[in-house]
file my_file.cif (mmCIF, C-alpha atoms)
data_structure
#
loop_
_atom_site.group_PDB
_atom_site.id
_atom_site.type_symbol
_atom_site.label_atom_id
_atom_site.label_comp_id
_atom_site.auth_asym_id
_atom_site.auth_seq_id
_atom_site.Cartn_x
_atom_site.Cartn_y
_atom_site.Cartn_z
ATOM 1 C CA MET A 1054 163.560 52.860 39.115
ATOM 2 C CA LYS A 1055 160.637 50.852 40.458
ATOM 3 C CA ILE A 1056 157.266 52.561 40.316
ATOM 4 C CA ASP A 1057 154.334 51.391 42.417
ATOM 5 C CA ILE A 1058 151.043 52.268 40.642
ATOM 6 C CA LYS A 1059 147.649 51.861 42.303
ATOM 7 C CA THR A 1060 144.151 52.987 41.396
ATOM 8 C CA ILE A 1061 141.197 53.903 43.587
ATOM 9 C CA GLY A 1062 137.677 53.497 42.232
ATOM 10 C CA PHE A 1063 138.494 51.874 38.879
ATOM 11 C CA PRO A 1064 140.649 49.055 37.501
ATOM 12 C CA LEU A 1065 144.192 49.775 36.320
ATOM 13 C CA THR A 1066 144.432 49.171 32.586
ATOM 14 C CA GLU A 1067 147.661 48.188 30.898
ATOM 15 C CA ALA A 1068 147.552 51.395 28.814
ATOM 16 C CA LEU A 1069 147.312 53.597 31.943
ATOM 17 C CA LYS A 1070 150.080 51.664 33.651
ATOM 18 C CA GLN A 1071 152.405 51.974 30.652
ATOM 19 C CA HIS A 1072 151.620 55.674 30.236
ATOM 20 C CA ALA A 1073 152.329 56.457 33.905
ATOM 21 C CA GLU A 1074 155.572 54.456 33.889
ATOM 22 C CA ARG A 1075 156.762 56.026 30.621
ATOM 23 C CA ARG A 1076 156.021 59.596 31.748
ATOM 24 C CA LEU A 1077 157.640 59.132 35.164
ATOM 25 C CA HIS A 1078 160.741 57.510 33.659
ATOM 26 C CA PHE A 1079 161.009 60.373 31.174
ATOM 27 C CA ALA A 1080 160.649 63.038 33.884
ATOM 28 C CA LEU A 1081 162.980 61.378 36.419
ATOM 29 C CA SER A 1082 165.500 59.352 34.394
ATOM 30 C CA TRP A 1083 168.225 61.918 35.106
ATOM 31 C CA ALA A 1084 167.740 61.369 38.859
ATOM 32 C CA ASP A 1085 167.782 57.571 39.141
ATOM 33 C CA GLY A 1086 170.398 57.639 41.889
ATOM 34 C CA HIS A 1087 168.451 60.193 43.909
ATOM 35 C CA VAL A 1088 165.023 58.525 43.942
ATOM 36 C CA ARG A 1089 164.722 55.644 46.355
ATOM 37 C CA ARG A 1090 161.013 54.936 45.890
ATOM 38 C CA SER A 1091 158.184 56.245 43.743
ATOM 39 C CA ALA A 1092 154.452 55.655 44.068
ATOM 40 C CA VAL A 1093 151.616 56.771 41.802
ATOM 41 C CA ARG A 1094 147.997 56.858 42.979
ATOM 42 C CA LEU A 1095 145.274 57.376 40.381
ATOM 43 C CA SER A 1096 141.684 58.079 41.386
ATOM 44 C CA ASP A 1097 138.359 59.263 40.012
ATOM 45 C CA GLU A 1098 136.744 61.435 42.672
ATOM 46 C CA ASN A 1099 133.220 61.749 41.239
ATOM 47 C CA GLY A 1100 132.989 58.339 39.624
ATOM 48 C CA PRO A 1101 130.540 58.120 36.718
ATOM 49 C CA ARG A 1102 129.243 61.702 37.202
ATOM 50 C CA GLY A 1103 132.286 63.099 35.340
ATOM 51 C CA GLY A 1104 133.812 66.517 35.788
ATOM 52 C CA ASN A 1105 137.242 67.843 36.723
ATOM 53 C CA ASP A 1106 137.948 64.978 39.074
ATOM 54 C CA LYS A 1107 140.706 62.709 37.753
ATOM 55 C CA ARG A 1108 143.486 62.803 40.322
ATOM 56 C CA CYS A 1109 147.102 61.709 40.003
ATOM 57 C CA GLN A 1110 149.247 61.758 43.121
ATOM 58 C CA ILE A 1111 152.973 61.038 42.839
ATOM 59 C CA GLN A 1112 155.040 60.414 45.939
ATOM 60 C CA LEU A 1113 158.833 60.286 45.678
ATOM 61 C CA THR A 1114 161.228 59.305 48.426
ATOM 62 C CA ALA A 1115 164.387 61.159 47.478
ATOM 63 C CA ASN A 1116 167.900 60.786 48.794
ATOM 64 C CA GLY A 1117 169.245 64.204 49.624
ATOM 65 C CA PHE A 1118 172.610 65.350 50.849
ATOM 66 C CA GLU A 1119 171.369 65.676 54.405
ATOM 67 C CA ALA A 1120 168.440 63.284 54.811
ATOM 68 C CA ALA A 1121 165.835 61.476 52.789
ATOM 69 C CA SER A 1122 162.766 63.539 52.081
ATOM 70 C CA ILE A 1123 159.343 62.849 50.666
ATOM 71 C CA ILE A 1124 158.023 64.856 47.738
ATOM 72 C CA VAL A 1125 154.286 64.678 47.050
ATOM 73 C CA ILE A 1126 152.769 66.085 43.857
ATOM 74 C CA GLU A 1127 149.036 66.077 43.214
ATOM 75 C CA GLU A 1128 147.288 67.044 39.990
ATOM 76 C CA VAL A 1129 143.552 67.101 39.159
ATOM 77 C CA GLN A 1130 142.342 67.292 35.554
ATOM 78 C CA ASN A 1131 139.394 66.315 33.342
ATOM 79 C CA ASP A 1132 141.531 63.672 31.638
ATOM 80 C CA LEU A 1133 143.554 61.136 33.629
ATOM 81 C CA TYR A 1134 146.327 61.043 31.024
ATOM 82 C CA ALA A 1135 146.701 64.833 31.271
ATOM 83 C CA ALA A 1136 146.816 64.597 35.077
ATOM 84 C CA ILE A 1137 149.607 62.014 34.848
ATOM 85 C CA ASP A 1138 151.555 64.164 32.365
ATOM 86 C CA ARG A 1139 151.365 67.323 34.467
ATOM 87 C CA ALA A 1140 152.105 65.537 37.746
ATOM 88 C CA ALA A 1141 155.175 63.789 36.273
ATOM 89 C CA ASP A 1142 156.529 67.074 34.876
ATOM 90 C CA ARG A 1143 155.993 68.831 38.202
ATOM 91 C CA ALA A 1144 157.643 65.936 40.081
ATOM 92 C CA GLY A 1145 160.767 66.255 37.925
ATOM 93 C CA ARG A 1146 161.011 70.016 38.438
ATOM 94 C CA THR A 1147 160.338 69.744 42.180
ATOM 95 C CA LEU A 1148 163.004 67.075 42.632
ATOM 96 C CA ALA A 1149 165.535 69.183 40.682
ATOM 97 C CA ARG A 1150 164.789 72.202 42.910
ATOM 98 C CA LYS A 1151 165.124 70.121 46.082
ATOM 99 C CA LEU A 1152 168.480 68.668 45.027
ATOM 100 C CA GLN A 1153 169.776 72.119 44.020
ATOM 101 C CA ARG A 1154 168.807 73.547 47.428
ATOM 102 C CA ASP A 1155 170.513 70.648 49.187
ATOM 103 C CA ARG A 1156 173.709 71.241 47.192
ATOM 104 C CA GLN A 1157 173.668 74.958 48.009
ATOM 105 C CA ARG A 1158 173.062 74.218 51.675
ATOM 106 C CA VAL A 1159 176.043 71.834 51.786
ATOM 107 C CA ARG A 1160 178.282 74.348 49.989
ATOM 108 C CA GLY A 1161 177.210 77.083 52.407
ATOM 109 C CA GLN A 1162 178.106 74.907 55.381
ATOM 110 C CA ARG A 1163 181.543 74.235 53.912
ATOM 111 C CA ARG A 1164 182.141 77.973 53.463
ATOM 112 C CA GLN A 1165 181.083 78.597 57.053
ATOM 113 C CA VAL A 1166 183.612 76.075 58.293
ATOM 114 C CA LEU A 1167 186.391 77.652 56.203
ATOM 115 C CA TRP A 1168 185.615 81.162 57.471
ATOM 116 C CA SER A 1169 185.420 79.988 61.074
ATOM 117 C CA ASP A 1170 188.985 78.633 60.783
ATOM 118 C CA ILE A 1171 190.370 82.119 60.109
ATOM 119 C CA LYS A 1172 191.479 83.946 63.222
ATOM 120 C CA LEU A 1173 190.978 87.661 62.766
ATOM 121 C CA ASN A 1174 193.101 89.216 65.537
ATOM 122 C CA GLU A 1175 196.341 87.357 64.911
ATOM 123 C CA PRO A 1176 199.298 89.071 63.250
ATOM 124 C CA VAL A 1177 199.949 88.056 59.690
ATOM 125 C CA THR A 1178 203.253 86.318 59.245
ATOM 126 C CA THR A 1179 205.253 86.968 56.123
ATOM 127 C CA LEU A 1180 207.425 84.482 54.381
ATOM 128 C CA PRO A 1181 211.161 85.227 54.177
ATOM 129 C CA SER A 1182 212.216 86.357 50.724
#
call {"tool": "encode", "arguments": {"input": "my_file.cif", "output": "structure tokens"}}
result
Amino acid sequence: MKIDIKTIGFPLTEALKQHAERRLHFALSWADGHVRRSAVRLSDENGPRGGNDKRCQIQLTANGFEAASIIVIEEVQNDLYAAIDRAADRAGRTLARKLQRDRQRVRGQRRQVLWSDIKLNEPVTTLPS
């Protein structure tokens, strides 16, 4: 899985890049065939003033059963590493939920088709014994 990582307001260090890639691979490795594209945006909202302002935004383009969909997860924390950790975990859970809903939707449509094939007012024929 290719991960596009960009920063806004500060340079991307090798340690941050490796951490983000490692956490996203860990959270999404089970879904390699379902994720078409992933992008991570890291930013520091307040700059040198500090505070609860380190933002990690993860955007996944997922292949579903019906159509591709975009999942966006955003996390703000005091520590950028913590924001990456929480956002990656949430991205994995959100993708799992989306794929489960798609599977249930497809199964429900199949059941609808099967029930629509049954004609209710026709006499039941019996097989000769």
call {"tool": "residues_around", "arguments": {"input": "my_file.cif", "residues": "A:Ala1144", "least_positions_apart": "3", "cutoff": "9 Å", "atoms": "all atoms listed in the file", "output": "number ranges by chain"}}
result
A: 1077, 1080-1081, 1111-1113, 1124-1126, 1139-1141, 1147-1149
call {"tool": "closest_residue", "arguments": {"input": "my_file.cif", "among": "A:Thr1060, A:Ser1091, A:Asn1131, A:Gln1071", "to": "A:Gly1145", "atoms": "only C-alpha atoms"}}
result
A:Ser1091
call {"tool": "atom_distance", "arguments": {"input": "my_file.cif", "atom1": "atom CA of A:Arg1150", "atom2": "atom CA of A:Phe1079"}}
result
17.1 Å
call {"tool": "closest_residue", "arguments": {"input": "my_file.cif", "among": "A:Ser1082, A:Ala1135, A:Arg1089, A:Asp1097", "to": "A:Pro1064", "atoms": "only C-alpha atoms"}}
result
A:Asp1097
call {"tool": "atom_distance", "arguments": {"input": "my_file.cif", "atom1": "atom CA of A:Glu1127", "atom2": "atom CA of A:Gln1153"}}
result
21.6 Å
call {"tool": "atom_distance", "arguments": {"input": "my_file.cif", "atom1": "atom CA of A:Phe1063", "atom2": "atom CA of A:Ala1115"}}
result
28.8 Å
call {"tool": "closest_residue", "arguments": {"input": "my_file.cif", "among": "A:Asp1132, A:Ala1092, A:His1087, A:Gly1100", "to": "A:Lys1151", "atoms": "only C-alpha atoms"}}
result
A:His1087
call {"tool": "closest_residue", "arguments": {"input": "my_file.cif", "among": "A:Leu1095, A:Ile1123, A:Met1054, A:Ala1084", "to": "A:Thr1066", "atoms": "all atoms listed in the file"}}
result
A:Leu1095
call {"tool": "closest_residue", "arguments": {"input": "my_file.cif", "among": "A:Arg1146, A:Glu1074, A:Ile1137, A:Gly1086", "to": "A:Asp1057", "atoms": "all atoms listed in the file"}}
result
A:Glu1074
call {"tool": "closest_residue", "arguments": {"input": "my_file.cif", "among": "A:His1072, A:Gly1062, A:Glu1067, A:Trp1083", "to": "A:Glu1098", "atoms": "all atoms listed in the file"}}
result
A:Gly1062
call {"tool": "resolve_selection", "arguments": {"input": "my_file.cif", "expression": "the PyMOL selection byres ((chain A and resi 1107) around 6)", "output": "list in words"}}
result
Ser1096, Asp1097, Asp1106, Arg1108, Val1129, Gln1130, Asn1131 and Leu1133 of chain A
call {"tool": "write_last_selection", "arguments": {"input": "my_file.cif", "atoms": "C-alpha atoms", "output": "PDB file, keeping the file's coordinate frame"}}
result
ATOM      1  CA  SER A1096     141.684  58.079  41.386  1.00  0.00           C
ATOM      2  CA  ASP A1097     138.359  59.263  40.012  1.00  0.00           C
ATOM      3  CA  ASP A1106     137.948  64.978  39.074  1.00  0.00           C
ATOM      4  CA  ARG A1108     143.486  62.803  40.322  1.00  0.00           C
ATOM      5  CA  VAL A1129     143.552  67.101  39.159  1.00  0.00           C
ATOM      6  CA  GLN A1130     142.342  67.292  35.554  1.00  0.00           C
ATOM      7  CA  ASN A1131     139.394  66.315  33.342  1.00  0.00           C
ATOM      8  CA  LEU A1133     143.554  61.136  33.629  1.00  0.00           C
TER       9      LEU A1133
END
